[in-house]
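These notes are about the structure you will find just below.
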Amino acid sequence: MTMRIANHKSLLILVFVLASWITFAIIQNSTKLRTVFKLPFSLHHWSFVMKTHPEAPLNPIVSPTETALRIKRITEKLDQLIPPRPFTKVSSTTSATHSRATLLSPRDTYCRGDQLDVLLEVRDHLGRRKEYGRDFLRARMSSPALKAGASGKVTDFNNGTYLVSFTLFWEGQVSLSVLLIHPSEGVSALWRARNQGYDRVIFTGQFNRGTSQVNTDCALVLNSSAELCEYLDTRDQEAFYCMKPPYIPCAALTHMHSKNKDISYLSKQERSLFERSNVGVEMMAKFDAITVSKCNSLKSVDLHESGKFQKQLAVDLNENINIQWQKHSYPLIGSLTYSVKEIEYIAQVIDRIGGEKNTIIVISLGQHFRPFPIDVFIRRALNIHDAVQRLLLRSPDTVVIIKAENIREMNVDMERFSDFHGYIQYLALKDIFQDLSVGIIDAWDITIAYGTNNVHPPQSVVRNQINILLNFIC
């Protein structure tokens, strides 16, 4: 998506749906919305930071071999983050019910700005202490009466204990929550399964020739001896394939739709970890709400993870603002039929943008890549990174924003769409773009603060994200 905004000039905003990192807070009183930025961005959900080398010179032309090596390096980092955790019995996996949470230095009353720490000791279903970490946890604090929420910080000591930290941003009654989204054994199983196959989603291509219409199977990878149509971006080495219909040229492909394929790379025992009752289980159910007071002491409050979610300001579109929206190319998942003539690789679109100070480009990719091996997402992100790098070389004043993906429902097919897959993409995206001067709308953190659990958040959340964008660029 491209957007442009300026006084007495047109503002072009381009939005693509599919470094210094900017984090933010949403704090609203009765008259003003304020956005707070903090640099650099911190990977706080798991104690792991990917490092690149921002001091390396810009190289706008990258060979296919170099891209393959970059994909390998990032994948190896992720492999180190997610070690294999084979298990023979579900009883040996992490149990939210048997784990123990202890409030460190408890008090009757806390002051606004205090940090509250919880020590979490995870245990299996037989009550035995776990000796390793990497459980996928989500920490959040909230005050429903105030319509306020914020994410917490989870530090993994990799020995079965975690430190969960909450900054108390507001006064009133505050509830604390730590959800066990997936045990470490489930995380390991999802990672292994994800990278085993490209066939969890079936694409059907529609070819038209005159009055004739033929549907054939399409995919990122097609294992077939039959004649194939290859749709290849030769520079960026991104490809999509369809079975070629007899007597119809490959250029006659006009439409596409998809559906999930009945296939799994998980064992029956592993699949049991992803039944709805085992996903997102509360680990602090026995904790009462705490009371936070204003107090009289002056405290320094880091606002970068806070979010107060009341009704937000409307966006005024009567100020000569031109907004363009562009879908990303394959894999674009959808049961509704869409025209393939309306999709394009985002790197190609960016290469056609001249850019200047009144041009803002917003890029979002994530959800549609979750069912596929991670190399598909990494390659796409690297190609977009290189296109942005070329754009900033020819037009340093162009503003580029990366919008992270949202958390989503907990009753979906976890093998395909788990938030764990989204979180891994979230880490990879930050690793890839951290050497460029781009901003981030951290929708991941925002939707945790809101507790939306919806791939399509309500309008109030989307409006909040737009306000953050406009506060940054205006």
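Every chain in the structure tokens takes a letter, A first, then B, and so on in the order presented; its residues are numbered from 1, and the ligands are numbered from 1 following the presented order.
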
Task: Contacts of A:Ile448 within 8 Å, only C-alpha atoms, excl. fewer than 3 positions in-chain, as a list of chain:residue names - done: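 The residues satisfying every condition are A:Arg140, A:Ala150, A:Ser151, A:Ile407, A:Trp444, A:Asp445, A:Gly451, A:Thr452, A:Asn453.
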
Could you write out the selected residues, including all heavy atoms, as a short mmCIF file (atom, residue, chain, number, x, y, z; two decimals), in the first residue's frame?
```
data_model
loop_
_atom_site.label_atom_id
_atom_site.label_comp_id
_atom_site.auth_asym_id
_atom_site.auth_seq_id
_atom_site.Cartn_x
_atom_site.Cartn_y
_atom_site.Cartn_z
N ARG A 140 0.05 -11.11 29.27
CA ARG A 140 -0.79 -9.93 29.04
C ARG A 140 -1.35 -9.45 30.37
O ARG A 140 -1.66 -10.25 31.25
CB ARG A 140 -1.92 -10.27 28.08
CG ARG A 140 -2.91 -9.15 27.80
CD ARG A 140 -3.95 -9.58 26.77
NE ARG A 140 -4.87 -8.50 26.47
CZ ARG A 140 -6.10 -8.39 26.97
NH1 ARG A 140 -6.56 -9.32 27.81
NH2 ARG A 140 -6.87 -7.38 26.65
N ALA A 150 -1.98 -4.49 27.91
CA ALA A 150 -0.58 -4.41 27.46
C ALA A 150 0.02 -5.81 27.49
O ALA A 150 -0.41 -6.66 28.28
CB ALA A 150 0.23 -3.47 28.34
N SER A 151 0.99 -6.02 26.66
CA SER A 151 1.70 -7.30 26.67
C SER A 151 2.72 -7.31 27.79
O SER A 151 3.17 -6.26 28.26
CB SER A 151 2.40 -7.55 25.33
OG SER A 151 3.40 -6.57 25.12
N ILE A 407 -2.01 -11.48 15.75
CA ILE A 407 -2.31 -12.79 16.30
C ILE A 407 -3.70 -13.18 15.82
O ILE A 407 -4.48 -12.34 15.36
CB ILE A 407 -2.24 -12.79 17.85
CG1 ILE A 407 -3.29 -11.84 18.45
CG2 ILE A 407 -0.85 -12.41 18.31
CD1 ILE A 407 -3.41 -11.94 19.96
N TRP A 444 1.63 -7.20 15.98
CA TRP A 444 1.72 -8.37 16.85
C TRP A 444 1.53 -7.96 18.31
O TRP A 444 0.70 -8.52 19.04
CB TRP A 444 3.07 -9.06 16.65
CG TRP A 444 3.19 -10.36 17.37
CD1 TRP A 444 3.68 -10.57 18.63
CD2 TRP A 444 2.80 -11.64 16.88
NE1 TRP A 444 3.61 -11.89 18.95
CE2 TRP A 444 3.08 -12.58 17.90
CE3 TRP A 444 2.25 -12.10 15.69
CZ2 TRP A 444 2.83 -13.94 17.75
CZ3 TRP A 444 1.99 -13.45 15.53
CH2 TRP A 444 2.28 -14.36 16.56
N ASP A 445 2.28 -6.96 18.73
CA ASP A 445 2.20 -6.50 20.11
C ASP A 445 0.87 -5.81 20.39
O ASP A 445 0.29 -5.97 21.47
CB ASP A 445 3.36 -5.56 20.40
CG ASP A 445 3.60 -5.36 21.89
OD1 ASP A 445 3.95 -6.33 22.58
OD2 ASP A 445 3.42 -4.23 22.35
N GLY A 451 -5.87 -8.31 23.08
CA GLY A 451 -6.42 -9.64 23.30
C GLY A 451 -7.47 -10.01 22.27
O GLY A 451 -8.45 -10.69 22.58
N THR A 452 -7.26 -9.61 21.01
CA THR A 452 -8.29 -9.80 19.99
C THR A 452 -8.42 -11.24 19.52
O THR A 452 -9.52 -11.73 19.28
CB THR A 452 -7.99 -8.91 18.77
OG1 THR A 452 -6.65 -9.17 18.31
CG2 THR A 452 -8.13 -7.45 19.13
N ASN A 453 -7.27 -11.94 19.34
CA ASN A 453 -7.30 -13.32 18.84
C ASN A 453 -8.19 -13.43 17.60
O ASN A 453 -9.05 -14.30 17.50
CB ASN A 453 -7.78 -14.29 19.92
CG ASN A 453 -6.85 -14.32 21.11
OD1 ASN A 453 -5.63 -14.27 20.96
ND2 ASN A 453 -7.41 -14.36 22.30
#
```

TODO: as a ChimeraX atom specification, please: all residues of stretch 52-270 of chain A that backbone DSSP puts in helix (DSSP H, G or I).
DONE: /A:64-81,90-92,144-146,184-194,250-252,268-270

- [ ] Excluding stretch 276-293 of chain A and any residue of its chain fewer than 5 positions from it, enumerate the residues within 8 Å of it, using only C-alpha atoms, and give them as a ChimeraX atom specification.
- [x] /A:96-97,99-101,108-112,168,170-182,410-411

Would you export the selected residues with N, CA and C atoms as a PDB file, in the first residue's frame, please?
```pdb
ATOM      1  N   ALA A  96      -0.125 -26.576  31.932  1.00  0.00           N
ATOM      2  CA  ALA A  96      -0.437 -25.274  32.532  1.00  0.00           C
ATOM      3  C   ALA A  96      -0.977 -25.450  33.948  1.00  0.00           C
ATOM      4  N   THR A  97      -1.768 -26.485  34.151  1.00  0.00           N
ATOM      5  CA  THR A  97      -2.402 -26.714  35.449  1.00  0.00           C
ATOM      6  C   THR A  97      -1.390 -27.034  36.540  1.00  0.00           C
ATOM      7  N   SER A  99       1.913 -26.369  36.439  1.00  0.00           N
ATOM      8  CA  SER A  99       2.996 -25.388  36.565  1.00  0.00           C
ATOM      9  C   SER A  99       2.687 -24.416  37.686  1.00  0.00           C
ATOM     10  N   ARG A 100       3.727 -23.775  38.214  1.00  0.00           N
ATOM     11  CA  ARG A 100       3.579 -22.903  39.374  1.00  0.00           C
ATOM     12  C   ARG A 100       4.048 -21.492  39.051  1.00  0.00           C
ATOM     13  N   ALA A 101       3.191 -20.527  39.356  1.00  0.00           N
ATOM     14  CA  ALA A 101       3.535 -19.118  39.178  1.00  0.00           C
ATOM     15  C   ALA A 101       3.639 -18.471  40.557  1.00  0.00           C
ATOM     16  N   ASP A 108       0.615  -5.239  48.927  1.00  0.00           N
ATOM     17  CA  ASP A 108      -0.823  -4.991  48.957  1.00  0.00           C
ATOM     18  C   ASP A 108      -1.226  -4.004  47.868  1.00  0.00           C
ATOM     19  N   THR A 109      -0.373  -3.014  47.649  1.00  0.00           N
ATOM     20  CA  THR A 109      -0.655  -1.993  46.640  1.00  0.00           C
ATOM     21  C   THR A 109       0.606  -1.706  45.839  1.00  0.00           C
ATOM     22  N   TYR A 110       0.425  -1.545  44.537  1.00  0.00           N
ATOM     23  CA  TYR A 110       1.535  -1.210  43.655  1.00  0.00           C
ATOM     24  C   TYR A 110       1.340   0.211  43.135  1.00  0.00           C
ATOM     25  N   CYS A 111       2.443   0.817  42.719  1.00  0.00           N
ATOM     26  CA  CYS A 111       2.389   2.172  42.183  1.00  0.00           C
ATOM     27  C   CYS A 111       2.465   2.136  40.667  1.00  0.00           C
ATOM     28  N   ARG A 112       1.787   3.088  40.064  1.00  0.00           N
ATOM     29  CA  ARG A 112       1.872   3.222  38.612  1.00  0.00           C
ATOM     30  C   ARG A 112       3.333   3.419  38.219  1.00  0.00           C
ATOM     31  N   LEU A 168       3.498  -1.624  35.082  1.00  0.00           N
ATOM     32  CA  LEU A 168       2.155  -1.188  35.479  1.00  0.00           C
ATOM     33  C   LEU A 168       1.931   0.231  34.972  1.00  0.00           C
ATOM     34  N   TRP A 170      -0.956   1.895  34.237  1.00  0.00           N
ATOM     35  CA  TRP A 170      -2.136   2.676  34.622  1.00  0.00           C
ATOM     36  C   TRP A 170      -2.597   2.280  36.025  1.00  0.00           C
ATOM     37  N   GLU A 171      -3.468   3.098  36.550  1.00  0.00           N
ATOM     38  CA  GLU A 171      -3.999   2.862  37.886  1.00  0.00           C
ATOM     39  C   GLU A 171      -5.282   2.030  37.814  1.00  0.00           C
ATOM     40  N   GLY A 172      -5.601   1.383  38.932  1.00  0.00           N
ATOM     41  CA  GLY A 172      -6.848   0.626  39.013  1.00  0.00           C
ATOM     42  C   GLY A 172      -6.603  -0.849  39.246  1.00  0.00           C
ATOM     43  N   GLN A 173      -7.645  -1.637  39.044  1.00  0.00           N
ATOM     44  CA  GLN A 173      -7.549  -3.086  39.172  1.00  0.00           C
ATOM     45  C   GLN A 173      -6.968  -3.672  37.890  1.00  0.00           C
ATOM     46  N   VAL A 174      -5.914  -4.454  38.046  1.00  0.00           N
ATOM     47  CA  VAL A 174      -5.202  -5.012  36.890  1.00  0.00           C
ATOM     48  C   VAL A 174      -5.150  -6.538  37.020  1.00  0.00           C
ATOM     49  N   SER A 175      -5.589  -7.219  35.986  1.00  0.00           N
ATOM     50  CA  SER A 175      -5.533  -8.681  35.944  1.00  0.00           C
ATOM     51  C   SER A 175      -4.316  -9.128  35.150  1.00  0.00           C
ATOM     52  N   LEU A 176      -3.664 -10.179  35.622  1.00  0.00           N
ATOM     53  CA  LEU A 176      -2.466 -10.717  34.967  1.00  0.00           C
ATOM     54  C   LEU A 176      -2.788 -12.057  34.318  1.00  0.00           C
ATOM     55  N   SER A 177      -2.160 -12.304  33.175  1.00  0.00           N
ATOM     56  CA  SER A 177      -2.416 -13.545  32.454  1.00  0.00           C
ATOM     57  C   SER A 177      -1.143 -14.033  31.787  1.00  0.00           C
ATOM     58  N   VAL A 178      -0.898 -15.328  31.888  1.00  0.00           N
ATOM     59  CA  VAL A 178       0.134 -15.993  31.094  1.00  0.00           C
ATOM     60  C   VAL A 178      -0.518 -17.219  30.472  1.00  0.00           C
ATOM     61  N   LEU A 179      -0.577 -17.251  29.166  1.00  0.00           N
ATOM     62  CA  LEU A 179      -1.186 -18.375  28.466  1.00  0.00           C
ATOM     63  C   LEU A 179      -0.108 -19.316  27.949  1.00  0.00           C
ATOM     64  N   LEU A 180      -0.325 -20.590  28.151  1.00  0.00           N
ATOM     65  CA  LEU A 180       0.501 -21.606  27.496  1.00  0.00           C
ATOM     66  C   LEU A 180      -0.134 -21.861  26.136  1.00  0.00           C
ATOM     67  N   ILE A 181       0.395 -21.216  25.104  1.00  0.00           N
ATOM     68  CA  ILE A 181      -0.158 -21.411  23.762  1.00  0.00           C
ATOM     69  C   ILE A 181       0.173 -22.820  23.288  1.00  0.00           C
ATOM     70  N   HIS A 182       1.468 -23.173  23.338  1.00  0.00           N
ATOM     71  CA  HIS A 182       1.903 -24.535  22.998  1.00  0.00           C
ATOM     72  C   HIS A 182       3.053 -24.932  23.921  1.00  0.00           C
ATOM     73  N   MET A 410      -7.707 -19.137  18.176  1.00  0.00           N
ATOM     74  CA  MET A 410      -7.088 -20.331  18.749  1.00  0.00           C
ATOM     75  C   MET A 410      -7.855 -21.607  18.416  1.00  0.00           C
ATOM     76  N   ASN A 411      -8.890 -21.483  17.594  1.00  0.00           N
ATOM     77  CA  ASN A 411      -9.661 -22.669  17.210  1.00  0.00           C
ATOM     78  C   ASN A 411      -9.436 -23.048  15.753  1.00  0.00           C
TER      79      ASN A 411
END
```

Using only C-alpha atoms, which residues sit within 9 Å of A:Ser339 once same-chain residues fewer than 6 positions away are excluded, as a compact mmCIF listing (two decimals) with N, CA, C and O atoms, in the first residue's frame?
```txt
# COMPACT_ATOMS: atom_id res chain seq x y z
N THR A 254 -6.20 -17.27 -15.79
CA THR A 254 -6.85 -16.01 -15.45
C THR A 254 -7.27 -15.91 -13.99
O THR A 254 -7.31 -14.81 -13.43
N HIS A 255 -7.64 -17.03 -13.36
CA HIS A 255 -8.19 -16.97 -12.01
C HIS A 255 -7.64 -18.09 -11.15
O HIS A 255 -7.11 -19.10 -11.66
N MET A 256 -7.80 -17.92 -9.83
CA MET A 256 -7.26 -18.89 -8.89
C MET A 256 -8.14 -18.91 -7.64
O MET A 256 -8.73 -17.90 -7.24
```

- [ ] Would you mind listing what lies within 12 Å of A:Phe417 as a list in words, with only C-alpha atoms counted and same-chain residues fewer than 6 positions away left out?
- [x]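 Listed by chain and then number, they are Leu190, Trp191, Arg194, Arg200, Val201, Asn260, Phe274, Ile333, Gly366, Gln367, His368, Phe369, Arg370, Pro371, Phe372, Asn406, Ile407, Arg408, Glu409, Met410, Asn411, Tyr423, Ile424, Gln425, Asn454 and Val455 of chain A.
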
- [ ] Provide the atom CA of A:Cys250 to atom CA of A:Ile384 distance in Å, to one decimal place.
- [x]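 If I compute the distance from atom CA of A:Cys250 to atom CA of A:Ile384, I get 26.4 Å.
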
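Atom pair atom CA of A:Leu266 / atom CA of A:Arg85 has a distance of 13.5 Å (rounded to one decimal).
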
Task: Atomic separation - atom CA of A:Gln237 relative to atom CA of A:Arg379, Å - done: 8.7 Å
